[in-house]
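Text of data.cif, listed as mmCIF, C-alpha atoms:
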```cif
data_data
loop_
_atom_site.label_atom_id
_atom_site.label_comp_id
_atom_site.auth_asym_id
_atom_site.auth_seq_id
_atom_site.Cartn_x
_atom_site.Cartn_y
_atom_site.Cartn_z
CA LEU K 21 -24.01 27.23 -67.44
CA LEU K 22 -26.34 30.13 -66.71
CA HIS K 23 -23.87 31.44 -64.13
CA TRP K 24 -21.11 31.72 -66.75
CA TYR K 25 -23.39 32.78 -69.62
CA PRO K 26 -26.22 34.87 -68.08
CA ASP K 27 -27.17 36.35 -71.48
CA TRP K 28 -27.99 32.97 -72.97
CA LYS K 29 -31.67 32.09 -73.32
CA ILE K 30 -32.03 28.31 -73.02
CA GLY K 31 -35.37 27.13 -74.35
CA GLU K 32 -35.22 23.34 -73.96
CA ALA K 33 -33.29 20.62 -72.18
CA ILE K 34 -33.33 17.26 -74.01
CA LEU K 35 -32.21 14.53 -71.60
CA ASP K 36 -32.61 10.77 -71.28
CA SER K 37 -34.53 8.90 -68.59
CA ALA K 38 -31.50 8.88 -66.25
CA PHE K 39 -32.42 12.52 -65.52
CA ASP K 40 -36.04 11.67 -64.70
CA ALA K 41 -36.08 13.26 -61.23
CA TYR K 42 -38.67 15.72 -59.97
CA SER K 43 -36.05 18.19 -58.72
CA ILE K 44 -34.57 18.47 -62.25
CA TYR K 45 -38.00 19.31 -63.68
CA GLU K 46 -38.56 21.90 -60.95
CA MET K 47 -35.17 23.52 -61.65
CA LEU K 48 -35.88 23.67 -65.40
CA GLU K 49 -39.32 25.22 -64.77
CA HIS K 50 -37.71 27.77 -62.44
CA TYR K 51 -35.46 28.89 -65.32
CA ASP K 52 -38.35 28.72 -67.84
CA VAL K 53 -36.76 25.82 -69.74
CA SER K 54 -38.95 23.22 -71.43
CA ALA K 55 -38.07 19.68 -70.27
CA ILE K 56 -37.83 16.97 -72.94
CA ILE K 57 -37.08 14.00 -70.67
CA ASP K 58 -38.30 10.42 -71.01
CA LEU K 59 -40.02 8.94 -67.96
CA ASN K 60 -38.03 6.15 -66.36
CA PRO K 61 -40.25 3.03 -66.72
CA ARG K 62 -38.39 1.23 -63.91
CA ARG K 63 -39.77 3.65 -61.37
CA SER K 64 -43.45 3.17 -62.16
CA LYS K 65 -45.71 2.02 -64.97
CA GLN K 66 -48.61 4.26 -63.93
CA PHE K 67 -49.11 7.34 -61.79
CA VAL K 68 -52.04 8.88 -59.96
CA TYR K 69 -52.84 12.58 -60.18
CA ASN K 70 -55.99 14.13 -58.64
CA GLU K 71 -57.42 10.60 -58.26
CA MET K 72 -56.98 9.94 -61.98
CA THR K 73 -54.63 7.25 -63.30
CA ILE K 74 -51.98 8.63 -65.67
CA ASN K 75 -49.98 6.44 -68.08
CA VAL K 76 -46.25 6.84 -68.85
CA ASP K 77 -47.00 9.25 -71.72
CA GLY K 78 -48.85 11.58 -69.31
CA VAL K 79 -52.30 10.68 -70.66
CA PRO K 80 -55.17 10.36 -68.14
CA ILE K 81 -56.98 7.01 -68.15
CA CYS K 82 -60.74 7.07 -67.55
CA PRO K 83 -62.35 4.68 -65.00
CA ILE K 84 -63.11 2.03 -67.67
CA GLY K 85 -59.45 1.99 -68.79
CA ARG K 86 -59.68 4.08 -71.97
CA LYS K 87 -57.30 6.94 -72.77
CA MET K 88 -58.89 10.38 -72.52
CA LEU K 89 -58.59 12.52 -75.63
CA ASP K 90 -56.31 15.54 -75.88
CA TRP K 91 -58.46 18.63 -76.46
CA GLY K 92 -55.78 21.29 -76.75
CA VAL K 93 -53.58 23.36 -74.49
CA GLU K 94 -53.64 26.81 -72.93
CA LYS K 95 -50.17 28.08 -73.86
CA LYS K 96 -49.93 30.73 -71.13
CA ARG K 97 -50.70 28.32 -68.29
CA TYR K 98 -49.32 25.15 -69.93
CA ARG K 99 -52.60 23.54 -68.97
CA ARG K 100 -53.92 20.74 -71.17
CA LYS K 101 -57.59 19.78 -71.47
CA TRP K 102 -58.69 16.15 -71.79
CA ARG K 103 -62.14 14.90 -72.73
CA CYS K 104 -64.11 11.70 -72.25
CA PRO K 105 -63.47 9.27 -75.15
CA ALA K 106 -67.14 8.16 -75.17
CA ALA K 107 -68.51 11.72 -75.49
CA VAL K 108 -66.05 12.59 -78.28
CA GLY K 109 -66.42 9.25 -80.10
CA LYS K 110 -70.25 9.27 -79.75
CA TRP K 111 -70.44 5.81 -78.21
CA GLU K 112 -72.20 4.77 -75.03
CA CYS K 113 -70.07 4.21 -71.95
CA PRO K 114 -71.19 1.26 -69.74
CA THR K 115 -70.40 3.24 -66.57
CA PRO K 116 -70.45 6.98 -67.36
CA CYS K 117 -68.61 9.14 -64.81
CA SER K 118 -70.43 12.35 -65.81
CA ASN K 119 -74.10 13.19 -66.48
CA SER K 120 -73.11 15.94 -68.93
CA THR K 121 -73.55 15.35 -72.67
CA TYR K 122 -70.17 17.05 -73.14
CA GLY K 123 -68.63 14.27 -71.07
CA ARG K 124 -66.10 14.41 -68.29
CA THR K 125 -63.21 16.84 -68.69
CA PHE K 126 -59.89 16.72 -66.90
CA TYR K 127 -57.06 19.24 -66.80
CA THR K 128 -53.37 18.58 -66.41
CA SER K 129 -50.94 21.39 -65.71
CA THR K 130 -47.19 21.63 -66.12
CA LYS K 131 -47.08 23.91 -63.08
CA ASP K 132 -48.74 21.29 -60.84
CA ASN K 133 -46.52 18.42 -61.95
CA PRO K 134 -43.81 19.22 -64.54
CA ARG K 135 -42.57 15.62 -64.48
CA LEU K 136 -45.87 14.02 -65.56
CA PHE K 137 -47.08 16.88 -67.73
CA PRO K 138 -44.21 18.58 -69.57
CA ARG K 139 -44.88 21.52 -71.88
CA VAL K 140 -44.44 19.31 -74.95
CA LYS K 141 -46.70 16.26 -74.71
CA ARG K 142 -44.82 12.95 -74.50
CA GLY K 143 -45.38 10.65 -77.45
CA SER K 144 -46.54 13.49 -79.72
CA LYS K 145 -44.96 14.17 -83.13
CA GLU K 146 -43.37 17.34 -81.74
CA TRP K 147 -41.90 15.37 -78.80
CA LYS K 148 -40.41 12.69 -81.10
CA GLN K 149 -38.82 15.28 -83.40
CA ARG K 150 -37.15 17.04 -80.50
CA TYR K 151 -36.10 13.88 -78.67
CA SER K 152 -34.50 12.47 -81.82
CA LEU K 153 -31.94 15.32 -81.67
CA ARG K 154 -30.43 13.55 -78.65
CA THR K 155 -29.12 10.69 -80.79
CA GLY K 156 -26.81 13.06 -82.69
CA VAL K 157 -25.29 14.22 -79.42
CA GLU K 158 -24.91 10.61 -78.24
CA ARG K 159 -23.02 9.73 -81.46
CA CYS K 160 -20.79 12.78 -81.03
CA ILE K 161 -19.90 11.81 -77.45
CA LYS K 162 -19.28 8.18 -78.48
CA ARG K 163 -16.93 9.41 -81.23
CA GLN K 164 -14.95 11.46 -78.71
CA LYS K 165 -14.77 8.86 -75.97
CA VAL K 166 -14.32 5.66 -77.98
CA ASP K 167 -13.07 6.44 -81.51
CA TYR K 168 -10.66 9.20 -80.43
CA HIS K 169 -9.76 7.39 -77.19
CA LEU K 170 -10.64 10.19 -74.80
CA GLU K 171 -11.61 7.53 -72.24
CA ASP K 172 -8.12 6.01 -72.46
CA SER K 173 -6.38 9.28 -71.67
CA ARG K 174 -4.24 9.16 -68.54
CA GLY K 175 -4.04 12.90 -68.02
CA ARG K 176 -4.44 14.25 -64.50
CA SER K 177 -4.67 17.99 -65.04
CA SER K 178 -7.60 19.95 -66.43
CA ARG K 179 -5.19 21.52 -68.95
CA HIS K 180 -4.41 18.08 -70.39
CA TRP K 181 -8.12 17.27 -70.76
CA ASN K 182 -8.86 20.68 -72.31
CA ILE K 183 -6.09 20.35 -74.91
CA ARG K 184 -7.11 16.81 -75.77
CA SER K 185 -10.79 17.78 -76.02
CA TYR K 186 -9.97 20.72 -78.31
CA CYS K 187 -7.85 18.51 -80.57
CA ILE K 188 -10.66 15.94 -80.76
CA GLY K 189 -13.13 18.74 -81.56
CA MET K 190 -10.92 19.87 -84.46
CA CYS K 191 -10.68 16.29 -85.75
CA GLN K 192 -14.47 15.95 -85.60
CA HIS K 193 -14.80 19.20 -87.52
CA ALA K 194 -12.39 17.87 -90.17
CA ASP K 195 -14.45 14.65 -90.31
CA ALA K 196 -17.56 16.70 -91.03
CA TRP K 197 -15.73 18.58 -93.82
CA MET K 198 -14.65 15.29 -95.35
CA LYS K 199 -18.17 13.84 -95.29
CA GLU K 200 -19.54 16.94 -97.01
CA ALA K 201 -16.68 16.90 -99.55
CA GLU K 202 -17.35 13.23 -100.37
CA LYS K 203 -20.91 14.15 -101.32
CA VAL K 204 -19.65 16.57 -103.99
CA ASN K 205 -16.63 14.46 -104.97
CA TYR K 206 -14.10 16.74 -103.21
CA SER K 207 -14.74 19.58 -105.67
CA GLY K 208 -15.29 22.27 -103.03
CA LEU K 209 -12.19 21.54 -100.96
CA HIS K 210 -9.36 24.01 -100.55
CA PRO K 211 -6.28 23.04 -102.69
CA LEU K 212 -4.14 22.68 -99.54
CA ILE K 213 -6.53 20.12 -98.06
CA LYS K 214 -6.68 18.27 -101.39
CA SER K 215 -2.89 18.02 -101.44
CA LEU K 216 -2.89 16.65 -97.87
CA LEU K 217 -5.47 14.01 -98.85
CA SER K 218 -3.32 12.87 -101.74
CA LEU K 219 -0.35 12.12 -99.44
#
```

Would you mind writing the file's structure down as structure tokens?
Amino acid sequence: LLHWYPDWKIGEAILDSAFDAYSIYEMLEHYDVSAIIDLNPRRSKQFVYNEMTINVDGVPICPIGRKMLDWGVEKKRYRRKWRCPAAVGKWECPTPCSNSTYGRTFYTSTKDNPRLFPRVKRGSKEWKQRYSLRTGVERCIKRQKVDYHLEDSRGRSSRHWNIRSYCIGMCQHADAWMKEAEKVNYSGLHPLIKSLLSL
């Protein structure tokens, strides 16, 4: 895509867990693209990073099994700071891992491990908003492949597939027009389209 459109600036890639491979994260980081990819739970339930257990949302787990608390991010370095839940919550830990009253701190960096620690924190409100955009694309692809029978096409040439894909795209566009027109009771439609609907 970047080869054919070098002027495009791609900010994010929103992909499902089938694309959860370290090399994909590395490639996206190389092109300065933020990865919005779910971790594949079949690969592992927990991870270890710098001797700290990390859960599937990329949150460090302290030695007593509590989630450490997110204490902000350094935007330039994409480095996130985590603090001890006992120190922040003002409760006494049975086995403290730091003598400091501030509590233990831990840093996770996108640069060190883009798969575990993406730029947008997994499970956050921002993550959910972005990831929900994927469902619209999934519905669009399903409409093309199943409803408009693109899967059933027996074409062998790329020209055949291109023509069929363009025709399906135009039909989807007409579908969108119809849905919008239904909302306003067809009042905004062009007279020619209205006459076609009445046939």

Expected selection from the PyMOL selection byres ((chain K and resi 49) around 12), given as a list in words: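 Against this file, the PyMOL selection byres ((chain K and resi 49) around 12) returns the residues Ile30, Gly31, Glu32, Ala33, Tyr42, Ser43, Ile44, Tyr45, Glu46, Met47, Leu48, His50, Tyr51, Asp52, Val53, Ser54, Ala55, Ile56, Tyr98, Thr130, Lys131, Asp132, Asn133, Pro134, Arg135, Phe137, Pro138 and Arg139 of chain K.
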
Go ahead and save the residues from that selection, with C-alpha atoms, as a short mmCIF file (atom, residue, chain, number, x, y, z; two decimals), keeping the file's coordinate frame.
```
data_model
loop_
_atom_site.label_atom_id
_atom_site.label_comp_id
_atom_site.auth_asym_id
_atom_site.auth_seq_id
_atom_site.Cartn_x
_atom_site.Cartn_y
_atom_site.Cartn_z
CA ILE K 30 -32.03 28.31 -73.02
CA GLY K 31 -35.37 27.13 -74.35
CA GLU K 32 -35.22 23.34 -73.96
CA ALA K 33 -33.29 20.62 -72.18
CA TYR K 42 -38.67 15.72 -59.97
CA SER K 43 -36.05 18.19 -58.72
CA ILE K 44 -34.57 18.47 -62.25
CA TYR K 45 -38.00 19.31 -63.68
CA GLU K 46 -38.56 21.90 -60.95
CA MET K 47 -35.17 23.52 -61.65
CA LEU K 48 -35.88 23.67 -65.40
CA HIS K 50 -37.71 27.77 -62.44
CA TYR K 51 -35.46 28.89 -65.32
CA ASP K 52 -38.35 28.72 -67.84
CA VAL K 53 -36.76 25.82 -69.74
CA SER K 54 -38.95 23.22 -71.43
CA ALA K 55 -38.07 19.68 -70.27
CA ILE K 56 -37.83 16.97 -72.94
CA TYR K 98 -49.32 25.15 -69.93
CA THR K 130 -47.19 21.63 -66.12
CA LYS K 131 -47.08 23.91 -63.08
CA ASP K 132 -48.74 21.29 -60.84
CA ASN K 133 -46.52 18.42 -61.95
CA PRO K 134 -43.81 19.22 -64.54
CA ARG K 135 -42.57 15.62 -64.48
CA PHE K 137 -47.08 16.88 -67.73
CA PRO K 138 -44.21 18.58 -69.57
CA ARG K 139 -44.88 21.52 -71.88
#
```

Can you measure atom CA of Glu146 of chain K to atom CA of Arg163 of chain K for me? One decimal in Å is fine.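 Going from atom CA of Glu146 of chain K over to atom CA of Arg163 of chain K, I get 27.6 Å.
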
Which polymer residues have any atom within 7 Å of an atom of Asp77 of chain K, counting only C-alpha atoms, with same-chain residues fewer than 2 positions away left out, as a count of residues only?
4

Computed gap from atom CA of Lys96 of chain K to atom CA of Asp40 of chain K is 24.4 Å

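What separates atom CA of Tyr127 of chain K from atom CA of Gln149 of chain K is a distance of 25.0 Å.
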
Closest of K:Gly85, K:His23, K:Trp102, K:Val76 to Thr115 of chain K, counting all atoms listed in the file, is K:Gly85

Using all atoms listed in the file, find the one residue out of K:Lys148, K:Arg86, K:Arg184, K:Arg179 that sits nearest to Lys165 of chain K.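 Smallest separation from Lys165 of chain K among the options: K:Arg184.
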
Show me, as JSON, the centre and edge lengths in Å to one decimal of the axis-aligned box that covers every listed atom of segment 98-107 of chain K with 4 Å on each side.
```
{"center_x": -58.9, "center_y": 16.7, "center_z": -72.2, "size_x": 27.2, "size_y": 25.0, "size_z": 14.5}
```

The residue from K:Ile84, K:Leu22, K:Val68, K:Ile57 with the smallest atom-to-atom distance to Ala38 of chain K, counting only C-alpha atoms, is K:Ile57

Near His169 of chain K, within 12 Å and counting all atoms listed in the file, which residues show up once chain neighbours fewer than 5 positions away are dropped, as an MDAnalysis selection string?
-> chainID K and resid 161:164 174 181 184:185 187:188

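Across K:Ile81, K:Ser129, K:Pro26, K:Gly189, the tightest approach to Lys95 of chain K is made by K:Ser129 when counting only C-alpha atoms.
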
_Test item: the PyMOL selection byres ((chain K and resi 112-114) around 12) resolved as an MDAnalysis selection string_ = chainID K and resid 82:86 104:111 115:119 121 123:124
